[in-house]
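Participant: Please see the structure below; I have some questions.
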Amino acid sequence: MVAAAIALPSYEAEPGWHGEIREFRYNDAASRERPFAFIVNRNDLLFYVRSPGLDRVRGGFAGLKDAFPTAAENSRGEWTLRVASEQDADRLYRLVLVGQAATRDRTDDTQVARSVISTVLSNDVIRKAVLQQLVISSEAAERTAPSAWGATLFRHGFRLNVGQVETIVCHSDLLRLNLVGQVGRAPFKGRLFSACRYHSVPDTSCAFSGTGKDFVNYRLKLQDAHLRFVYRAATTQSGKPRQGTAFRNSHSTGLMAYAYAETGRGGDTLQSFPDELDPALRFIEGARKQAWVNAFERDPRARQACLTHYGFHCAVCDFDFADRYGAIGKEFIHVHHLKPMALTDGEYELDPLADLRPVCPNCHAMLHRGENLLSIDELRGLLKRG
């Protein structure tokens, strides 16, 4: 019931107090009315249709009574009914709540998604980076548990749920990514990281919460931990894919279509990754107005030729994501330019076999960590000595 409530685009659902009783409320995001609520009893839930919700029930009280023989009217003129099973909850959702998602049909409109996201994320670089993350994370969930994820569009952003767990939340210019990892241990140190816990994700978890600019600076470091969180949220404790989620009810095909269009991704394209889709991002400090530089375009055909030849093992440490993580890690790897793109004179003729190598994110970061770019052999030597 809570998951279904949170997934309704036109409502802001939250716990609250009604007198001395703790309840879960459905707040209408537009009118600020509270038409529905429920409280938890020992053996069931007691659902209330309050006065602002009386005209929102299809068929009125007669329709409610027909679907729920226990439905009654109390002394305050509210309608009440008892929810004692998943079947009751599903029937209530379809009768009372599905029709309340006034904006739901609009979330299937790509133009609506474009309007919302371009307003919330006005900077082109940040917007593309965030949408790339949405695509990458949703594709990871799709490969693991196709029916168990949903992307919900709101007026001020979006949320990606896998199973019953939020994995990405974008609200205004703030972004939250859930990660497998422990706060206080590198790289999860500092004000941008906090501990979090979900029953369906047994691993020690934490969350990154920061601005879009913070995310652009950190995203390469977060990928492995975030995709592990997505995988754990998409699977049961026995390792089987989860089946279904209430968040499919609010899934926005318009948001996903816009994300694919904005990032240049398509369902038949080879998997690409954040550092490659948004190339050579850097900040120029000290200017009156900060400038964002997107210096070079990278040809996905070159990436594909490189991986067709070399495969998906890291050229430095031989790590293979599919061997370590299973299906979610299939064909996940970064591609490293042996000749730094920033040192090239604009366009140049690229030889995918001579100029590119597959590397894991950790080795990729280490290759670029010093003032001078390390070679593959140099980093292998450091790895052996370490």
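Here's how to read the names in the structure tokens: chain A, B, ... by the order shown, residue numbers from 1 in each chain, ligand numbers from 1 in the order shown.
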Fewer than 3 positions away in the same chain doesn't count, so skip those; otherwise give me all residues within 8 Å of Gly157 (chain A), counting only C-alpha atoms, as a ChimeraX atom specification.
Facilitator: /A:116-117,120,153-154,169-172
Participant: Given only C-alpha atoms, how would the per-residue table for region 303-358 of chain A near region 229-250 of chain A read, listing every residue at most 12 Å away with its closest atom pair and distance in Å to one decimal, sorted by chain and number, as a Markdown table?
Facilitator:
```
| residue | atom | partner | partner_atom | distance |
| --- | --- | --- | --- | --- |
| A:Tyr325 | CA | A:Tyr231 | CA | 8.5 |
| A:Gly326 | CA | A:Tyr231 | CA | 9.6 |
| A:Ala327 | CA | A:Tyr231 | CA | 9.3 |
| A:Ile328 | CA | A:Tyr231 | CA | 6.6 |
| A:Gly329 | CA | A:Tyr231 | CA | 9.3 |
```
Participant: Would you mind exporting the chosen residues as a short mmCIF file (atom, residue, chain, number, x, y, z; two decimals), in the first residue's frame, restricted to N, CA and C atoms?
Facilitator:
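What landed in part_19.cif:
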```cif
data_model
loop_
_atom_site.label_atom_id
_atom_site.label_comp_id
_atom_site.auth_asym_id
_atom_site.auth_seq_id
_atom_site.Cartn_x
_atom_site.Cartn_y
_atom_site.Cartn_z
N TYR A 325 29.90 -10.37 -11.30
CA TYR A 325 28.55 -9.96 -10.93
C TYR A 325 27.44 -10.71 -11.66
N GLY A 326 27.79 -11.55 -12.59
CA GLY A 326 26.77 -12.28 -13.31
C GLY A 326 26.15 -11.45 -14.42
N ALA A 327 24.84 -11.66 -14.65
CA ALA A 327 24.17 -11.05 -15.80
C ALA A 327 24.23 -9.53 -15.80
N ILE A 328 24.17 -8.93 -14.61
CA ILE A 328 24.16 -7.46 -14.57
C ILE A 328 25.48 -6.87 -15.06
N GLY A 329 26.57 -7.67 -15.00
CA GLY A 329 27.87 -7.17 -15.44
C GLY A 329 28.23 -7.50 -16.87
#
```
Participant: Write out as a PDB file with N, CA and C atoms, in the first residue's frame each polymer residue whose atoms come within 8 Å of Phe321 (chain A), counting only C-alpha atoms; drop sequence neighbours fewer than 6 positions from it.
Facilitator:
```pdb
ATOM      1  N   HIS A 313      37.409  -8.039 -20.833  1.00  0.00           N
ATOM      2  CA  HIS A 313      38.323  -8.117 -19.697  1.00  0.00           C
ATOM      3  C   HIS A 313      39.152  -6.841 -19.632  1.00  0.00           C
ATOM      4  N   GLY A 329      26.574  -7.671 -14.997  1.00  0.00           N
ATOM      5  CA  GLY A 329      27.867  -7.173 -15.435  1.00  0.00           C
ATOM      6  C   GLY A 329      28.229  -7.504 -16.869  1.00  0.00           C
ATOM      7  N   LYS A 330      27.306  -8.145 -17.584  1.00  0.00           N
ATOM      8  CA  LYS A 330      27.593  -8.556 -18.953  1.00  0.00           C
ATOM      9  C   LYS A 330      27.882  -7.347 -19.847  1.00  0.00           C
ATOM     10  N   GLU A 331      29.006  -7.382 -20.522  1.00  0.00           N
ATOM     11  CA  GLU A 331      29.421  -6.354 -21.486  1.00  0.00           C
ATOM     12  C   GLU A 331      29.568  -4.970 -20.852  1.00  0.00           C
ATOM     13  N   PHE A 332      29.898  -4.937 -19.544  1.00  0.00           N
ATOM     14  CA  PHE A 332      30.176  -3.660 -18.878  1.00  0.00           C
ATOM     15  C   PHE A 332      31.688  -3.472 -18.821  1.00  0.00           C
ATOM     16  N   ILE A 333      32.177  -2.421 -19.393  1.00  0.00           N
ATOM     17  CA  ILE A 333      33.608  -2.103 -19.373  1.00  0.00           C
ATOM     18  C   ILE A 333      33.788  -0.680 -19.893  1.00  0.00           C
TER      19      ILE A 333
END
```
Participant: Might you pull out every residue within 12 Å of Arg42 (chain A), with only C-alpha atoms counted and same-chain residues fewer than 4 positions away left off, and present them as a compact mmCIF listing (two decimals) with C-alpha atoms, in the first residue's frame?
Facilitator:
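Just written: result-v2.txt:
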```txt
# COMPACT_ATOMS: atom_id res chain seq x y z
CA LEU A 46 -8.34 0.60 7.98
CA ARG A 82 -10.77 -2.88 5.85
CA VAL A 83 -7.85 -4.13 3.77
CA ALA A 84 -6.79 -7.57 4.94
```
Participant: Determine, counting only C-alpha atoms, which protein, DNA and RNA residues have an atom within 12 Å of an atom of region 14-21 of chain A; residues of the same chain fewer than 3 positions away are not included. Present the result as a PyMOL selection string.
Facilitator: chain A and resi 1-8+11+24-29+34+36-41+46+48
Participant: Where in region 58-196 of chain A does DSSP assign strand (DSSP E or B), given as a PyMOL selection string?
Facilitator: chain A and resi 72-73+79-83+149-154+157-162+165-171+174-180+193-196
Participant: Please measure the separation of CA of Ala67 (chain A) and CA of His251 (chain A), giving the value in Å to one decimal.
Facilitator: 26.4 Å
Participant: If we count only C-alpha atoms, what is near Lys65 (chain A) at a cut-off of 12 Å, once residues fewer than 6 positions away on the same chain are taken out, given as a count of residues only?
Facilitator: 12
Participant: Name the residues of region 26-108 of chain A that come out as alpha helix (DSSP H) in a backbone DSSP run; write them as an MDAnalysis selection string.
Facilitator: chainID A and resid 60:67 86:92
Participant: Pick from A:Asn362, A:Phe61, A:His337, A:Gly254: nearest to Pro187 (chain A), with only C-alpha atoms counted?
Facilitator: A:Asn362
Participant: For CA of Phe193 (chain A) and CA of Lys213 (chain A), determine how far apart the two atoms are, in Å to one decimal place.
Facilitator: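 Going from CA of Phe193 (chain A) over to CA of Lys213 (chain A) covers 15.1 Å.
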Participant: Record the distance separating CA of Thr167 (chain A) and CA of Glu139 (chain A), expressed in Å with one decimal.
Facilitator: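 Computed distance, CA of Thr167 (chain A) to CA of Glu139 (chain A), equals 12.8 Å.
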Participant: Set the distance at 10 Å and use only C-alpha atoms: which residues neighbour Tyr198 (chain A) once local chain neighbours fewer than 4 positions away are removed? I'd like the list as a ChimeraX atom specification.
Facilitator: /A:164-166,202-205,233
Participant: I need the residue nearest Ser209 (chain A) from this list: A:Ala259, A:Leu192, A:Leu222, A:Val180. Use only C-alpha atoms for the distance.
Facilitator: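 Residue with the minimum atom-to-atom distance to Ser209 (chain A): A:Leu192.
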